[in-house]
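S.K.: Just one file: start-v7.cif, with mmCIF, C-alpha atoms.
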```
data_target
loop_
_atom_site.group_PDB
_atom_site.id
_atom_site.type_symbol
_atom_site.label_atom_id
_atom_site.label_comp_id
_atom_site.auth_asym_id
_atom_site.auth_seq_id
_atom_site.Cartn_x
_atom_site.Cartn_y
_atom_site.Cartn_z
ATOM 1 C CA GLN O 1 -53.415 -17.370 -29.221
ATOM 2 C CA VAL O 2 -56.397 -18.206 -27.073
ATOM 3 C CA GLN O 3 -60.078 -18.563 -27.888
ATOM 4 C CA LEU O 4 -62.504 -16.799 -25.594
ATOM 5 C CA VAL O 5 -66.203 -17.456 -25.102
ATOM 6 C CA GLU O 6 -68.373 -15.059 -23.103
ATOM 7 C CA SER O 7 -71.632 -15.922 -21.406
ATOM 8 C CA GLY O 8 -74.000 -14.505 -18.830
ATOM 9 C CA GLY O 9 -75.428 -11.507 -20.609
ATOM 10 C CA GLY O 10 -79.107 -10.765 -20.745
ATOM 11 C CA LEU O 11 -81.892 -8.360 -19.914
ATOM 12 C CA VAL O 12 -82.088 -6.980 -16.387
ATOM 13 C CA GLN O 13 -83.897 -4.123 -14.686
ATOM 14 C CA ALA O 14 -82.022 -1.133 -13.370
ATOM 15 C CA GLY O 15 -80.557 -1.920 -9.961
ATOM 16 C CA GLY O 16 -80.185 -5.586 -10.795
ATOM 17 C CA SER O 17 -77.116 -7.757 -11.162
ATOM 18 C CA LEU O 18 -75.478 -9.951 -13.764
ATOM 19 C CA ARG O 19 -72.395 -12.122 -13.730
ATOM 20 C CA LEU O 20 -70.482 -12.457 -16.957
ATOM 21 C CA SER O 21 -68.081 -15.299 -17.582
ATOM 22 C CA CYS O 22 -65.254 -15.656 -20.060
ATOM 23 C CA ALA O 23 -63.977 -19.154 -20.732
ATOM 24 C CA ALA O 24 -60.523 -19.453 -22.262
ATOM 25 C CA SER O 25 -59.375 -22.349 -24.415
ATOM 26 C CA ARG O 26 -56.142 -22.688 -22.475
ATOM 27 C CA GLY O 27 -54.471 -21.620 -19.267
ATOM 28 C CA ILE O 28 -54.712 -17.948 -18.416
ATOM 29 C CA PHE O 29 -52.052 -17.758 -15.731
ATOM 30 C CA SER O 30 -49.341 -16.652 -18.150
ATOM 31 C CA ILE O 31 -51.464 -14.106 -20.005
ATOM 32 C CA ASN O 32 -50.419 -10.558 -19.138
ATOM 33 C CA ALA O 33 -53.929 -9.249 -18.633
ATOM 34 C CA MET O 34 -57.520 -10.343 -19.012
ATOM 35 C CA GLY O 35 -60.080 -7.649 -19.438
ATOM 36 C CA TRP O 36 -63.714 -6.851 -20.011
ATOM 37 C CA TYR O 37 -64.596 -4.178 -22.518
ATOM 38 C CA ARG O 38 -67.943 -2.892 -23.690
ATOM 39 C CA GLN O 39 -69.290 -1.162 -26.739
ATOM 40 C CA ALA O 40 -72.592 0.644 -26.832
ATOM 41 C CA PRO O 41 -74.284 1.548 -30.142
ATOM 42 C CA GLY O 42 -72.540 4.496 -31.766
ATOM 43 C CA LYS O 43 -69.759 4.539 -29.204
ATOM 44 C CA GLN O 44 -66.197 3.327 -29.083
ATOM 45 C CA ARG O 45 -65.229 0.175 -27.273
ATOM 46 C CA GLU O 46 -64.058 0.988 -23.761
ATOM 47 C CA LEU O 47 -62.307 -0.820 -20.974
ATOM 48 C CA VAL O 48 -64.542 -1.781 -18.076
ATOM 49 C CA ALA O 49 -62.197 -3.814 -15.882
ATOM 50 C CA ALA O 50 -58.981 -5.780 -16.139
ATOM 51 C CA ILE O 51 -56.956 -8.201 -14.074
ATOM 52 C CA THR O 52 -53.253 -8.738 -14.597
ATOM 53 C CA ARG O 53 -51.145 -11.862 -14.392
ATOM 54 C CA THR O 54 -50.199 -10.886 -10.851
ATOM 55 C CA GLY O 55 -53.814 -10.431 -9.834
ATOM 56 C CA SER O 56 -53.867 -6.647 -9.828
ATOM 57 C CA THR O 57 -57.136 -5.116 -10.957
ATOM 58 C CA ASN O 58 -58.207 -1.819 -12.441
ATOM 59 C CA TYR O 59 -61.603 -0.417 -13.253
ATOM 60 C CA ALA O 60 -63.147 2.308 -15.323
ATOM 61 C CA ASP O 61 -64.519 5.080 -13.154
ATOM 62 C CA SER O 62 -68.022 4.085 -14.206
ATOM 63 C CA ALA O 63 -67.454 0.568 -12.876
ATOM 64 C CA LYS O 64 -65.767 1.329 -9.579
ATOM 65 C CA GLY O 65 -67.793 0.246 -6.582
ATOM 66 C CA ARG O 66 -70.319 -1.654 -8.700
ATOM 67 C CA PHE O 67 -68.366 -4.186 -10.767
ATOM 68 C CA THR O 68 -65.835 -6.779 -9.682
ATOM 69 C CA ILE O 69 -63.486 -8.711 -11.944
ATOM 70 C CA SER O 70 -62.140 -12.032 -10.782
ATOM 71 C CA ARG O 71 -60.483 -15.096 -12.220
ATOM 72 C CA ASP O 72 -60.502 -18.820 -11.624
ATOM 73 C CA ILE O 73 -57.129 -19.992 -12.857
ATOM 74 C CA ALA O 74 -57.981 -23.655 -12.390
ATOM 75 C CA LYS O 75 -60.989 -23.280 -14.682
ATOM 76 C CA ASN O 76 -59.383 -20.842 -17.159
ATOM 77 C CA THR O 77 -62.240 -18.440 -16.510
ATOM 78 C CA VAL O 78 -62.603 -14.745 -15.825
ATOM 79 C CA HIS O 79 -65.766 -13.282 -14.345
ATOM 80 C CA LEU O 80 -67.305 -9.851 -14.166
ATOM 81 C CA GLN O 81 -69.814 -9.404 -11.374
ATOM 82 C CA MET O 82 -71.983 -6.398 -12.141
ATOM 83 C CA ASN O 83 -74.218 -4.951 -9.437
ATOM 84 C CA SER O 84 -76.447 -1.890 -9.284
ATOM 85 C CA LEU O 85 -76.757 -1.909 -13.035
ATOM 86 C CA LYS O 86 -77.856 1.240 -14.826
ATOM 87 C CA PRO O 87 -79.413 1.752 -18.262
ATOM 88 C CA GLU O 88 -76.137 3.327 -19.387
ATOM 89 C CA ASP O 89 -74.420 -0.010 -18.792
ATOM 90 C CA THR O 90 -76.299 -1.377 -21.797
ATOM 91 C CA ALA O 91 -73.729 -2.602 -24.323
ATOM 92 C CA VAL O 92 -72.090 -5.619 -25.856
ATOM 93 C CA TYR O 93 -69.468 -6.836 -23.416
ATOM 94 C CA TYR O 94 -66.295 -8.386 -24.766
ATOM 95 C CA CYS O 95 -63.617 -10.432 -23.093
ATOM 96 C CA ASN O 96 -60.007 -9.752 -24.039
ATOM 97 C CA ALA O 97 -56.765 -11.602 -23.450
ATOM 98 C CA ASP O 98 -53.670 -9.471 -23.908
ATOM 99 C CA SER O 99 -50.220 -10.987 -23.926
ATOM 100 C CA TRP O 100 -46.762 -10.337 -25.313
ATOM 101 C CA ASP O 101 -47.472 -11.689 -28.761
ATOM 102 C CA PHE O 102 -51.227 -11.664 -29.190
ATOM 103 C CA SER O 103 -54.473 -10.008 -28.270
ATOM 104 C CA SER O 104 -57.596 -12.131 -28.498
ATOM 105 C CA TRP O 105 -61.262 -11.176 -28.317
ATOM 106 C CA GLY O 106 -64.402 -13.108 -27.658
ATOM 107 C CA GLN O 107 -67.573 -12.741 -29.700
ATOM 108 C CA GLY O 108 -69.290 -10.596 -27.092
ATOM 109 C CA THR O 109 -72.381 -10.929 -24.957
ATOM 110 C CA GLN O 110 -75.253 -8.454 -24.894
ATOM 111 C CA VAL O 111 -76.195 -6.743 -21.654
ATOM 112 C CA THR O 112 -79.390 -4.714 -21.663
ATOM 113 C CA VAL O 113 -80.508 -2.765 -18.610
ATOM 114 C CA SER O 114 -84.067 -1.476 -18.645
ATOM 115 C CA SER O 115 -85.164 1.568 -16.700
#
```
Before we go any further, please render this structure as structure tokens.

M.R.:
Amino acid sequence: QVQLVESGGGLVQAGGSLRLSCAASRGIFSINAMGWYRQAPGKQRELVAAITRTGSTNYADSAKGRFTISRDIAKNTVHLQMNSLKPEDTAVYYCNADSWDFSSWGQGTQVTVSS
């Protein structure tokens, strides 16, 4: 298991940027995939972006071209750089660590984009 703590959420105007961070309690190099998910009120949780153990990345269509996921293995941290934010990006963003024998979630961080 791994404990995850998100930070970096907040209130931003449309067109602005935010950088989310996810700090893991232990090394992330061996974890199969680290991902960012989001859940808006009344909607299901959805994948935003993920990065695999080999460094491959994938993005939801809504995130492509605007968001970038990255990791700092030395600091056990995963980041989500979000640019050109839109009101529809408003949600609680969760960090996830998915491995062979566990799947861990952080507590979430609120992102609110005003129009």

S.K.: Considering all atoms listed in the file, tabulate each residue of region 4-78 of chain O that lies at most 12 Å from region 96-101 of chain O along with its nearest interatomic pair and the corresponding distance in Å to one decimal; arrange the rows by chain and ascending residue number and present them as a Markdown table.

M.R.:
```
| residue | atom | partner | partner_atom | distance |
| --- | --- | --- | --- | --- |
| O:Leu4 | CA | O:Asn96 | CA | 7.6 |
| O:Val5 | CA | O:Asn96 | CA | 9.9 |
| O:Glu6 | CA | O:Asn96 | CA | 10.0 |
| O:Ser21 | CA | O:Asn96 | CA | 11.7 |
| O:Cys22 | CA | O:Asn96 | CA | 8.8 |
| O:Ala23 | CA | O:Asn96 | CA | 10.7 |
| O:Ala24 | CA | O:Ala97 | CA | 8.8 |
| O:Ser25 | CA | O:Ala97 | CA | 11.1 |
| O:Arg26 | CA | O:Ala97 | CA | 11.1 |
| O:Gly27 | CA | O:Ala97 | CA | 11.1 |
| O:Ile28 | CA | O:Ala97 | CA | 8.4 |
| O:Phe29 | CA | O:Ser99 | CA | 10.8 |
| O:Ser30 | CA | O:Ser99 | CA | 8.1 |
| O:Ile31 | CA | O:Ser99 | CA | 5.2 |
| O:Asn32 | CA | O:Ser99 | CA | 4.8 |
| O:Ala33 | CA | O:Asp98 | CA | 5.3 |
| O:Met34 | CA | O:Ala97 | CA | 4.7 |
| O:Gly35 | CA | O:Asn96 | CA | 5.1 |
| O:Trp36 | CA | O:Asn96 | CA | 6.2 |
| O:Tyr37 | CA | O:Asn96 | CA | 7.4 |
| O:Arg38 | CA | O:Asn96 | CA | 10.5 |
| O:Arg45 | CA | O:Asn96 | CA | 11.7 |
| O:Glu46 | CA | O:Asn96 | CA | 11.5 |
| O:Leu47 | CA | O:Asn96 | CA | 9.7 |
| O:Val48 | CA | O:Asn96 | CA | 10.9 |
| O:Ala49 | CA | O:Asn96 | CA | 10.3 |
| O:Ala50 | CA | O:Asn96 | CA | 8.9 |
| O:Ile51 | CA | O:Ala97 | CA | 10.0 |
| O:Thr52 | CA | O:Asp98 | CA | 9.3 |
| O:Arg53 | CA | O:Ser99 | CA | 9.6 |
| O:Asn76 | CA | O:Ala97 | CA | 11.5 |
| O:Thr77 | CA | O:Ala97 | CA | 11.2 |
| O:Val78 | CA | O:Asn96 | CA | 10.0 |
```

S.K.: Could you tell me which of O:Gln110, O:Ser62, O:Ser115, O:Ser84 comes closest to Leu20 (chain O) if we count only C-alpha atoms?

M.R.: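 So, comparing all the options, the nearest one is O:Gln110.
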
S.K.: Just to confirm, what's the straight-line distance from CA of Cys95 (chain O) to CA of Thr109 (chain O) in Å (one decimal)?

M.R.: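 Straight-line distance from CA of Cys95 (chain O) to CA of Thr109 (chain O) works out to 9.0 Å.
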
S.K.: Return the single residue from O:Phe102, O:Tyr59, O:Phe67, O:Tyr94 that is closest to Ser17 (chain O), with distances computed using all atoms listed in the file.

M.R.: O:Phe67

S.K.: One decimal, in Å: what's the spacing between CA of Asp89 (chain O) and CA of Ser70 (chain O)?

M.R.: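 Here the two named atoms are 19.0 Å from each other.
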
S.K.: Figure out the distance between CA of Tyr93 (chain O) and CA of Gln107 (chain O), please, to one decimal in Å.

M.R.: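 Taking CA of Gln107 (chain O) as the start and CA of Tyr93 (chain O) as the end point, the length is 8.8 Å.
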
S.K.: Have a look at O:Ala40, O:Val113, O:Trp105, O:Leu18 and name the one nearest to Thr68 (chain O); count only C-alpha atoms.

M.R.: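 Closest to Thr68 (chain O) of all the choices is O:Leu18.
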
S.K.: Return as a list in words the set of residues that the PyMOL selection byres ((chain O and resi 83) around 10) yields on the displayed structure.

M.R.: Ala14, Gly15, Gly16, Ser17, Leu18, Arg19, Ala63, Gly65, Arg66, Phe67, Thr68, Leu80, Gln81, Met82, Ser84, Leu85 and Lys86 of chain O

S.K.: May I have the residues within 8 Å of Leu11 (chain O) as a list in words, using all atoms listed in the file and disregarding those fewer than 6 positions away in the same chain?

M.R.: Val111, Thr112, Val113 and Ser114 of chain O

S.K.: Would you please work out which residue, of O:Glu88, O:Ala60, O:Val12, O:Thr54, is nearest to Ile73 (chain O) when using all atoms listed in the file?

M.R.: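 Of O:Glu88, O:Ala60, O:Val12, O:Thr54, the one nearest Ile73 (chain O), counting all atoms listed in the file, is O:Thr54.
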